[in-house]
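Shown below: upload_25.cif, with mmCIF, C-alpha atoms.
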```cif
data_work
loop_
_atom_site.label_atom_id
_atom_site.label_comp_id
_atom_site.auth_asym_id
_atom_site.auth_seq_id
_atom_site.Cartn_x
_atom_site.Cartn_y
_atom_site.Cartn_z
CA MET C 1303 180.93 22.34 -22.43
CA SER C 1304 183.34 21.89 -19.58
CA GLU C 1305 184.17 18.45 -18.29
CA PRO C 1306 182.34 17.45 -15.14
CA ALA C 1307 184.87 17.20 -12.34
CA MET C 1308 186.76 13.93 -12.53
CA THR C 1309 189.21 12.53 -10.05
CA LYS C 1310 192.82 12.05 -11.10
CA ASP C 1311 192.23 8.30 -11.36
CA GLU C 1312 189.22 8.81 -13.57
CA VAL C 1313 191.18 11.06 -15.89
CA ALA C 1314 194.08 8.61 -15.92
CA ASN C 1315 191.75 5.74 -16.76
CA LYS C 1316 190.30 7.68 -19.64
CA LEU C 1317 193.65 8.83 -20.99
CA ARG C 1318 195.32 5.43 -20.82
CA GLY C 1319 195.85 3.59 -24.04
CA ALA C 1320 196.55 4.48 -27.62
CA TRP C 1321 194.81 7.14 -29.68
CA ARG C 1322 194.82 7.68 -33.43
CA TYR C 1323 195.45 11.12 -34.85
CA VAL C 1324 192.36 12.69 -36.41
CA GLY C 1325 193.50 16.22 -37.14
CA THR C 1326 194.62 19.59 -35.94
CA ARG C 1327 192.71 22.84 -36.13
CA ILE C 1328 194.03 26.31 -35.55
CA ASN C 1329 192.05 29.54 -35.68
CA GLY C 1330 189.07 27.45 -36.79
CA GLY C 1331 190.84 26.07 -39.89
CA ASN C 1332 192.69 22.86 -40.55
CA TRP C 1333 196.42 22.66 -39.98
CA ASP C 1334 197.72 21.38 -43.28
CA ARG C 1335 199.62 18.13 -42.88
CA GLY C 1336 198.52 16.76 -46.24
CA ALA C 1337 195.51 14.68 -47.21
CA ASN C 1338 196.07 11.72 -44.92
CA PRO C 1339 198.39 12.47 -42.01
CA LYS C 1340 198.81 9.65 -39.50
CA GLY C 1341 199.66 9.69 -35.87
CA MET C 1342 199.40 8.01 -32.53
CA ILE C 1343 199.57 9.14 -28.94
CA TYR C 1344 199.96 6.73 -26.08
CA TYR C 1345 199.52 7.15 -22.34
CA GLY C 1346 200.86 4.18 -20.41
CA PRO C 1347 199.79 2.82 -17.03
CA HIS C 1348 203.14 3.73 -15.44
CA GLY C 1349 203.15 7.41 -16.35
CA GLU C 1350 204.94 6.96 -19.65
CA MET C 1351 203.79 8.62 -22.86
CA ALA C 1352 204.82 8.90 -26.49
CA VAL C 1353 203.44 10.66 -29.52
CA GLN C 1354 204.11 10.73 -33.24
CA ILE C 1355 202.40 12.59 -36.05
CA ALA C 1356 203.57 12.03 -39.60
CA PRO C 1357 202.42 14.56 -42.21
CA ASP C 1358 201.22 12.98 -45.45
CA VAL C 1359 204.26 13.81 -47.56
CA GLU C 1360 206.69 11.63 -49.41
CA ARG C 1361 209.93 11.25 -47.48
CA LYS C 1362 212.33 10.47 -50.25
CA ARG C 1363 215.95 9.54 -50.27
CA ALA C 1364 217.48 9.36 -53.72
CA GLY C 1365 220.92 8.10 -52.72
CA ALA C 1366 222.50 6.20 -49.87
CA GLU C 1367 222.81 9.36 -47.78
CA THR C 1368 220.00 11.77 -47.01
CA THR C 1369 220.61 15.19 -48.55
CA PRO C 1370 219.99 18.41 -46.56
CA GLU C 1371 216.84 19.13 -48.58
CA GLU C 1372 215.53 15.59 -48.07
CA ALA C 1373 216.24 15.85 -44.35
CA LYS C 1374 214.40 19.15 -44.03
CA ALA C 1375 211.41 17.78 -45.92
CA ALA C 1376 211.31 14.61 -43.81
CA LEU C 1377 211.51 16.51 -40.55
CA LYS C 1378 209.04 19.26 -41.40
CA ASP C 1379 206.03 19.10 -39.08
CA TYR C 1380 206.83 15.54 -38.01
CA ILE C 1381 206.11 15.25 -34.30
CA ALA C 1382 207.93 12.56 -32.36
CA TYR C 1383 208.60 12.81 -28.68
CA PHE C 1384 208.25 10.73 -25.57
CA GLY C 1385 208.66 10.94 -21.82
CA THR C 1386 206.31 10.92 -18.88
CA TYR C 1387 203.04 12.66 -18.12
CA THR C 1388 201.25 14.11 -15.13
CA ILE C 1389 197.61 15.03 -14.72
CA ASP C 1390 196.24 18.12 -13.04
CA GLU C 1391 192.58 17.22 -12.72
CA ASN C 1392 191.69 20.57 -11.19
CA ALA C 1393 193.15 22.53 -14.07
CA GLY C 1394 191.93 19.91 -16.56
CA THR C 1395 195.41 19.57 -18.01
CA VAL C 1396 197.91 16.87 -18.82
CA THR C 1397 201.58 17.80 -18.94
CA HIS C 1398 203.97 15.95 -21.23
CA HIS C 1399 207.43 15.90 -19.65
CA ARG C 1400 209.54 15.28 -22.70
CA GLN C 1401 212.68 13.20 -22.35
CA ASP C 1402 213.45 13.59 -25.99
CA SER C 1403 212.02 15.12 -29.11
CA LEU C 1404 212.94 14.60 -32.71
CA GLN C 1405 212.70 18.29 -33.48
CA PRO C 1406 215.91 20.21 -32.86
CA GLY C 1407 215.74 22.63 -29.94
CA ASP C 1408 212.45 21.13 -28.73
CA LYS C 1409 212.73 20.10 -25.09
CA ASP C 1410 210.39 21.75 -22.60
CA ASP C 1411 207.30 20.37 -20.91
CA LEU C 1412 204.07 20.77 -22.82
CA VAL C 1413 200.80 21.47 -21.07
CA ARG C 1414 197.58 20.42 -22.77
CA ARG C 1415 194.01 20.94 -21.68
CA TYR C 1416 192.09 17.74 -22.23
CA GLU C 1417 188.50 17.17 -23.21
CA PHE C 1418 186.86 13.80 -23.68
CA ALA C 1419 184.02 13.68 -26.17
CA GLY C 1420 182.73 10.18 -26.80
CA ASP C 1421 185.60 8.19 -28.27
CA ARG C 1422 187.58 11.31 -28.86
CA LEU C 1423 190.20 13.19 -26.95
CA VAL C 1424 190.80 16.83 -27.74
CA LEU C 1425 194.05 18.36 -26.57
CA ARG C 1426 194.48 22.12 -26.52
CA PRO C 1427 197.63 24.07 -25.72
CA PRO C 1428 196.67 26.77 -23.21
CA ASN C 1429 196.48 30.29 -24.63
CA SER C 1430 196.20 29.00 -28.16
CA THR C 1431 193.41 28.41 -30.64
CA MET C 1432 194.97 25.10 -31.60
CA GLU C 1433 193.20 21.85 -30.96
CA VAL C 1434 194.43 18.37 -31.73
CA THR C 1435 191.82 15.64 -32.00
CA TRP C 1436 192.47 11.97 -31.29
CA GLU C 1437 190.25 8.93 -31.55
CA ARG C 1438 190.56 5.95 -29.25
CA ILE C 1439 192.11 2.91 -30.88
CA LYS C 1440 189.96 -0.10 -30.08
CA MET W 1483 198.83 -16.09 -14.73
CA SER W 1484 202.54 -16.82 -14.77
CA GLU W 1485 204.68 -15.22 -17.43
CA GLN W 1486 205.50 -18.64 -18.85
CA SER W 1487 201.89 -19.45 -19.55
CA GLN W 1488 201.32 -16.20 -21.41
CA SER W 1489 201.60 -16.14 -25.16
CA ALA W 1490 204.36 -14.05 -26.69
CA ALA W 1491 201.71 -11.69 -28.01
CA GLN W 1492 200.48 -11.14 -24.46
CA ARG W 1493 203.98 -10.65 -23.10
CA LEU W 1494 204.81 -8.04 -25.73
CA ILE W 1495 201.93 -5.81 -24.74
CA GLY W 1496 202.95 -2.72 -22.84
CA SER W 1497 205.82 -0.29 -23.09
CA TRP W 1498 209.52 -0.96 -23.03
CA ARG W 1499 212.47 1.32 -22.35
CA TYR W 1500 215.50 1.25 -24.61
CA VAL W 1501 218.54 -0.31 -22.93
CA GLY W 1502 221.03 -0.62 -25.76
CA SER W 1503 222.00 -2.49 -28.85
CA THR W 1504 224.76 -4.87 -29.79
CA LEU W 1505 226.30 -5.97 -33.06
CA ASP W 1506 228.18 -9.26 -33.19
CA GLY W 1507 227.78 -9.34 -29.42
CA LYS W 1508 229.55 -6.02 -28.93
CA THR W 1509 227.82 -3.03 -27.40
CA GLN W 1510 227.13 -0.33 -29.91
CA GLY W 1511 227.93 3.16 -28.69
CA GLU W 1512 227.16 5.12 -31.81
CA ARG W 1513 224.07 6.68 -30.29
CA GLY W 1514 225.87 7.96 -27.18
CA ALA W 1515 225.97 6.93 -23.54
CA SER W 1516 222.48 8.04 -22.59
CA THR W 1517 220.41 7.05 -25.58
CA LYS W 1518 216.70 7.04 -24.77
CA GLY W 1519 213.91 5.18 -26.38
CA ILE W 1520 210.55 3.54 -26.01
CA ILE W 1521 208.68 0.85 -27.86
CA ILE W 1522 204.98 0.32 -27.31
CA TYR W 1523 202.80 -2.64 -28.24
CA ASP W 1524 199.18 -1.98 -27.48
CA VAL W 1525 196.34 -4.42 -26.92
CA HIS W 1526 194.73 -3.68 -30.27
CA GLY W 1527 197.71 -4.48 -32.48
CA HIS W 1528 199.22 -1.02 -32.70
CA MET W 1529 202.84 -0.22 -32.07
CA ALA W 1530 205.18 2.74 -31.95
CA CYS W 1531 208.91 3.03 -31.52
CA GLN W 1532 211.29 5.90 -30.88
CA VAL W 1533 215.01 5.80 -30.21
CA ALA W 1534 216.76 9.12 -29.71
CA PRO W 1535 220.55 9.35 -29.77
CA ASP W 1536 222.21 11.07 -26.83
CA ARG W 1537 223.10 14.27 -28.55
CA ASN W 1538 222.04 17.85 -28.42
CA VAL W 1539 220.80 19.07 -31.75
CA SER W 1540 220.31 22.79 -31.68
CA ARG W 1541 218.25 24.99 -33.94
CA ALA W 1542 219.53 28.48 -34.55
CA GLY W 1543 216.52 29.85 -36.42
CA LYS W 1544 212.81 29.20 -36.61
CA GLU W 1545 213.21 26.34 -39.07
CA PRO W 1546 216.07 23.88 -38.89
CA THR W 1547 218.75 24.28 -41.53
CA GLY W 1548 219.69 21.38 -43.79
CA ALA W 1549 222.66 20.56 -41.58
CA GLU W 1550 220.55 20.73 -38.41
CA ALA W 1551 217.90 18.52 -40.01
CA ILE W 1552 220.50 15.94 -41.01
CA ALA W 1553 221.91 15.98 -37.48
CA ALA W 1554 218.44 15.57 -35.99
CA LEU W 1555 217.63 12.61 -38.20
CA ALA W 1556 220.95 10.78 -37.84
CA ASP W 1557 220.37 7.45 -36.09
CA HIS W 1558 217.01 8.69 -34.83
CA ILE W 1559 214.28 6.07 -35.01
CA ALA W 1560 210.67 7.19 -35.03
CA TYR W 1561 208.01 5.05 -36.61
CA PHE W 1562 204.62 3.59 -35.81
CA GLY W 1563 201.94 1.37 -37.24
CA THR W 1564 200.56 -2.04 -36.44
CA TYR W 1565 202.22 -5.32 -35.54
CA SER W 1566 201.66 -9.02 -35.93
CA VAL W 1567 203.23 -11.91 -34.05
CA ASP W 1568 204.31 -15.23 -35.53
CA GLU W 1569 204.69 -17.47 -32.49
CA ARG W 1570 206.17 -20.33 -34.52
CA ALA W 1571 208.88 -18.25 -36.12
CA LYS W 1572 209.21 -16.23 -32.88
CA THR W 1573 209.05 -13.01 -34.81
CA VAL W 1574 207.12 -9.80 -34.53
CA THR W 1575 206.53 -7.79 -37.68
CA HIS W 1576 206.17 -4.04 -37.49
CA HIS W 1577 203.89 -2.82 -40.28
CA ARG W 1578 204.99 0.78 -40.51
CA GLN W 1579 202.44 3.45 -41.33
CA GLY W 1580 204.74 6.37 -40.72
CA SER W 1581 208.47 6.77 -40.29
CA VAL W 1582 210.49 9.93 -40.15
CA GLN W 1583 213.45 8.46 -41.99
CA PRO W 1584 213.42 9.23 -45.71
CA GLY W 1585 212.94 6.14 -47.84
CA ASP W 1586 212.01 4.06 -44.81
CA GLU W 1587 208.87 2.17 -45.73
CA GLY W 1588 207.38 -1.24 -45.41
CA ASP W 1589 207.51 -3.95 -42.79
CA VAL W 1590 210.39 -4.84 -40.50
CA VAL W 1591 210.65 -8.30 -38.99
CA ARG W 1592 212.25 -8.86 -35.60
CA GLY W 1593 213.03 -12.08 -33.82
CA TYR W 1594 211.99 -11.73 -30.19
CA GLU W 1595 213.24 -13.25 -26.97
CA PHE W 1596 212.12 -12.58 -23.41
CA ILE W 1597 214.73 -12.71 -20.66
CA GLY W 1598 213.31 -11.74 -17.29
CA ASP W 1599 212.13 -8.16 -17.65
CA GLN W 1600 213.97 -7.71 -20.90
CA LEU W 1601 212.87 -8.06 -24.46
CA ILE W 1602 215.50 -8.70 -27.10
CA LEU W 1603 214.61 -7.84 -30.68
CA ARG W 1604 216.85 -9.08 -33.46
CA PRO W 1605 216.49 -7.84 -37.02
CA VAL W 1606 216.14 -11.05 -38.99
CA GLY W 1607 219.26 -11.91 -40.96
CA THR W 1608 221.59 -9.76 -38.87
CA THR W 1609 223.77 -10.21 -35.78
CA ARG W 1610 222.30 -7.07 -34.26
CA GLU W 1611 220.18 -7.10 -31.15
CA VAL W 1612 218.23 -4.34 -29.50
CA ILE W 1613 217.55 -4.69 -25.81
CA TRP W 1614 214.48 -3.30 -24.08
CA GLU W 1615 213.34 -3.34 -20.47
CA ARG W 1616 209.73 -3.45 -19.39
CA ILE W 1617 208.44 -0.16 -18.01
CA LYS W 1618 206.64 -0.93 -14.76
#
```

Write out the structure in this file as C-alpha cells.
Amino acid sequence: MSEPAMTKDEVANKLRGAWRYVGTRINGGNWDRGANPKGMIYYGPHGEMAVQIAPDVERKRAGAETTPEEAKAALKDYIAYFGTYTIDENAGTVTHHRQDSLQPGDKDDLVRRYEFAGDRLVLRPPNSTMEVTWERIK
Amino acid sequence: MSEQSQSAAQRLIGSWRYVGSTLDGKTQGERGASTKGIIIYDVHGHMACQVAPDRNVSRAGKEPTGAEAIAALADHIAYFGTYSVDERAKTVTHHRQGSVQPGDEGDVVRGYEFIGDQLILRPVGTTREVIWERIK
C-alpha cells in the first residue's frame, strides 16, 4: 500500500530518531548477515544522519596488529556511514548524502524509498528488490 | 531551561561533530586534516560513534583486498550500542553492541566535560581527549 501523501515536515517528524536494525531482504529471501546482526540508523533534527549494521560474525584479532584476512573478515558487509539527509516527500524518498563511509570506494549519495508501517521503517533502494527493515527505538 | 540546570545526561542527548583529539595536550594529526566524525546519544539510552580518517581508501575490485581492508580499518572508529551516565564520577560508559574493529569488545568509559557548545570526552586513565561540537 502506498503511503498517504505526507508533507515534508510530517515525513521528517516520522524519520527523526534512532531505529534498530531488523533485517534485510532481497529477492524475497533474507540477506545473510548471521543469526543476530545488529544495527542502528539515526536521523537527527538538524539534517544529520548516521547508520551502522554489524553482521553477526566474530571479528577476531589474534595479535597486536590486524592481519589482512582479519581485516577483510571484519569489514565484510559491515555498513558504517554518516552525513546528511534530504527528503523528497513527492517521490517518497530520503537521500543519504554520505560524508564518509567505512567501505573503500563507497562515497555517492544513496536514495531510499521510505515506508512507515506501525513502528517500522522500511527502506528500499530504487530499482532493487532489496528492503531493509528498521524498528523504532523507544 | 538553562544549560546549567540540565543534567549531564540531558546535555549529552543529540548529535555531535568530531572536532579533533589531543594527547598530552598536543593536537593529534594522525587521522589527517579533515577527519570527520559523529557521535550520537539518543533519548532512549542508545549511542553510536563514527570517526573516519581523512584519507581516500580505494577499492580496485569488487571486494576489498587484504591491504585495502587494513587501510580502510586503520584508525577508523565505528561502534554503537547503549550508554549510561554516572553523574558523580562524571563519566559516560559506552556499552558496545557492535564495533568494526577486530577484537574490540566490551564497554569503554569516558570522562565528560561540557565547554560551551563542545563536549570533551577523555578515555579514563589516559591523557587523551576527544573534542566534539554540538550539531545544531

*Shell around segment 1495-1503 of chain W at 9 Å using only C-alpha atoms, local window under 6 positions removed, as a count of residues only*: 29

*Residues picked by the PyMOL selection byres ((chain W and resi 1539) around 7) here, as a PyMOL selection string?*
(chain C and resi 1406-1407) or (chain W and resi 1537-1538+1540-1541+1550+1553-1554)

*If you measure from atom CA of Val1574 of chain W to atom CA of Asn1315 of chain C, what distance in Å do you get, rounded to one decimal?*
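These two atoms are separated by 28.2 Å.
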
*Contacts of Tyr1383 of chain C at 10 Å or less, counting only C-alpha atoms, minus same-chain residues fewer than 4 places along, as a ChimeraX atom specification?*
/C:1343,1351-1355,1398-1405,1408-1409 /W:1519-1520,1532-1534,1560

May I have the residues from that selection written out with C-alpha atoms, as an mmCIF file, keeping the file's coordinate frame?
```cif
data_model
loop_
_atom_site.group_PDB
_atom_site.id
_atom_site.type_symbol
_atom_site.label_atom_id
_atom_site.label_comp_id
_atom_site.auth_asym_id
_atom_site.auth_seq_id
_atom_site.Cartn_x
_atom_site.Cartn_y
_atom_site.Cartn_z
ATOM 1 C CA ILE C 1343 199.570 9.140 -28.940
ATOM 2 C CA MET C 1351 203.790 8.620 -22.860
ATOM 3 C CA ALA C 1352 204.820 8.900 -26.490
ATOM 4 C CA VAL C 1353 203.440 10.660 -29.520
ATOM 5 C CA GLN C 1354 204.110 10.730 -33.240
ATOM 6 C CA ILE C 1355 202.400 12.590 -36.050
ATOM 7 C CA HIS C 1398 203.970 15.950 -21.230
ATOM 8 C CA HIS C 1399 207.430 15.900 -19.650
ATOM 9 C CA ARG C 1400 209.540 15.280 -22.700
ATOM 10 C CA GLN C 1401 212.680 13.200 -22.350
ATOM 11 C CA ASP C 1402 213.450 13.590 -25.990
ATOM 12 C CA SER C 1403 212.020 15.120 -29.110
ATOM 13 C CA LEU C 1404 212.940 14.600 -32.710
ATOM 14 C CA GLN C 1405 212.700 18.290 -33.480
ATOM 15 C CA ASP C 1408 212.450 21.130 -28.730
ATOM 16 C CA LYS C 1409 212.730 20.100 -25.090
ATOM 17 C CA GLY W 1519 213.910 5.180 -26.380
ATOM 18 C CA ILE W 1520 210.550 3.540 -26.010
ATOM 19 C CA GLN W 1532 211.290 5.900 -30.880
ATOM 20 C CA VAL W 1533 215.010 5.800 -30.210
ATOM 21 C CA ALA W 1534 216.760 9.120 -29.710
ATOM 22 C CA ALA W 1560 210.670 7.190 -35.030
#
```

*Once the PyMOL selection byres ((chain C) within 7 of (chain W)) has been applied to the shown file, what residues remain in the selection, as a PyMOL selection string?*
chain C and resi 1320+1340+1348+1356+1361-1363+1370-1371+1373-1374+1376-1377+1382+1402+1404-1407+1440

Restrict the selected residues to C-alpha atoms and save them as a compact mmCIF listing (two decimals), keeping the file's coordinate frame.
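Result file part32.txt:
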```
# COMPACT_ATOMS: atom_id res chain seq x y z
CA ALA C 1320 196.55 4.48 -27.62
CA LYS C 1340 198.81 9.65 -39.50
CA HIS C 1348 203.14 3.73 -15.44
CA ALA C 1356 203.57 12.03 -39.60
CA ARG C 1361 209.93 11.25 -47.48
CA LYS C 1362 212.33 10.47 -50.25
CA ARG C 1363 215.95 9.54 -50.27
CA PRO C 1370 219.99 18.41 -46.56
CA GLU C 1371 216.84 19.13 -48.58
CA ALA C 1373 216.24 15.85 -44.35
CA LYS C 1374 214.40 19.15 -44.03
CA ALA C 1376 211.31 14.61 -43.81
CA LEU C 1377 211.51 16.51 -40.55
CA ALA C 1382 207.93 12.56 -32.36
CA ASP C 1402 213.45 13.59 -25.99
CA LEU C 1404 212.94 14.60 -32.71
CA GLN C 1405 212.70 18.29 -33.48
CA PRO C 1406 215.91 20.21 -32.86
CA GLY C 1407 215.74 22.63 -29.94
CA LYS C 1440 189.96 -0.10 -30.08
```

*atom CA of Ser1489 of chain W to atom CA of Thr1573 of chain W, distance in Å rounded to a single decimal*: 12.6 Å

Name the residues captured by the PyMOL selection byres ((chain C and resi 1424-1438) around 6) when it is applied to the shown file; answer as a compact mmCIF listing (two decimals) with C-alpha atoms, keeping the file's coordinate frame.
```
# COMPACT_ATOMS: atom_id res chain seq x y z
CA TRP C 1321 194.81 7.14 -29.68
CA ARG C 1322 194.82 7.68 -33.43
CA TYR C 1323 195.45 11.12 -34.85
CA VAL C 1324 192.36 12.69 -36.41
CA GLY C 1325 193.50 16.22 -37.14
CA THR C 1326 194.62 19.59 -35.94
CA ARG C 1327 192.71 22.84 -36.13
CA ILE C 1328 194.03 26.31 -35.55
CA ASN C 1329 192.05 29.54 -35.68
CA ARG C 1414 197.58 20.42 -22.77
CA ARG C 1415 194.01 20.94 -21.68
CA TYR C 1416 192.09 17.74 -22.23
CA GLU C 1417 188.50 17.17 -23.21
CA ASP C 1421 185.60 8.19 -28.27
CA ARG C 1422 187.58 11.31 -28.86
CA LEU C 1423 190.20 13.19 -26.95
CA ILE C 1439 192.11 2.91 -30.88
```

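For the choices W:His1576, W:Arg1592, W:Ala1490, W:Arg1513, the atom-to-atom distance to Thr1609 of chain W is smallest for W:Arg1592 when using all atoms listed in the file.
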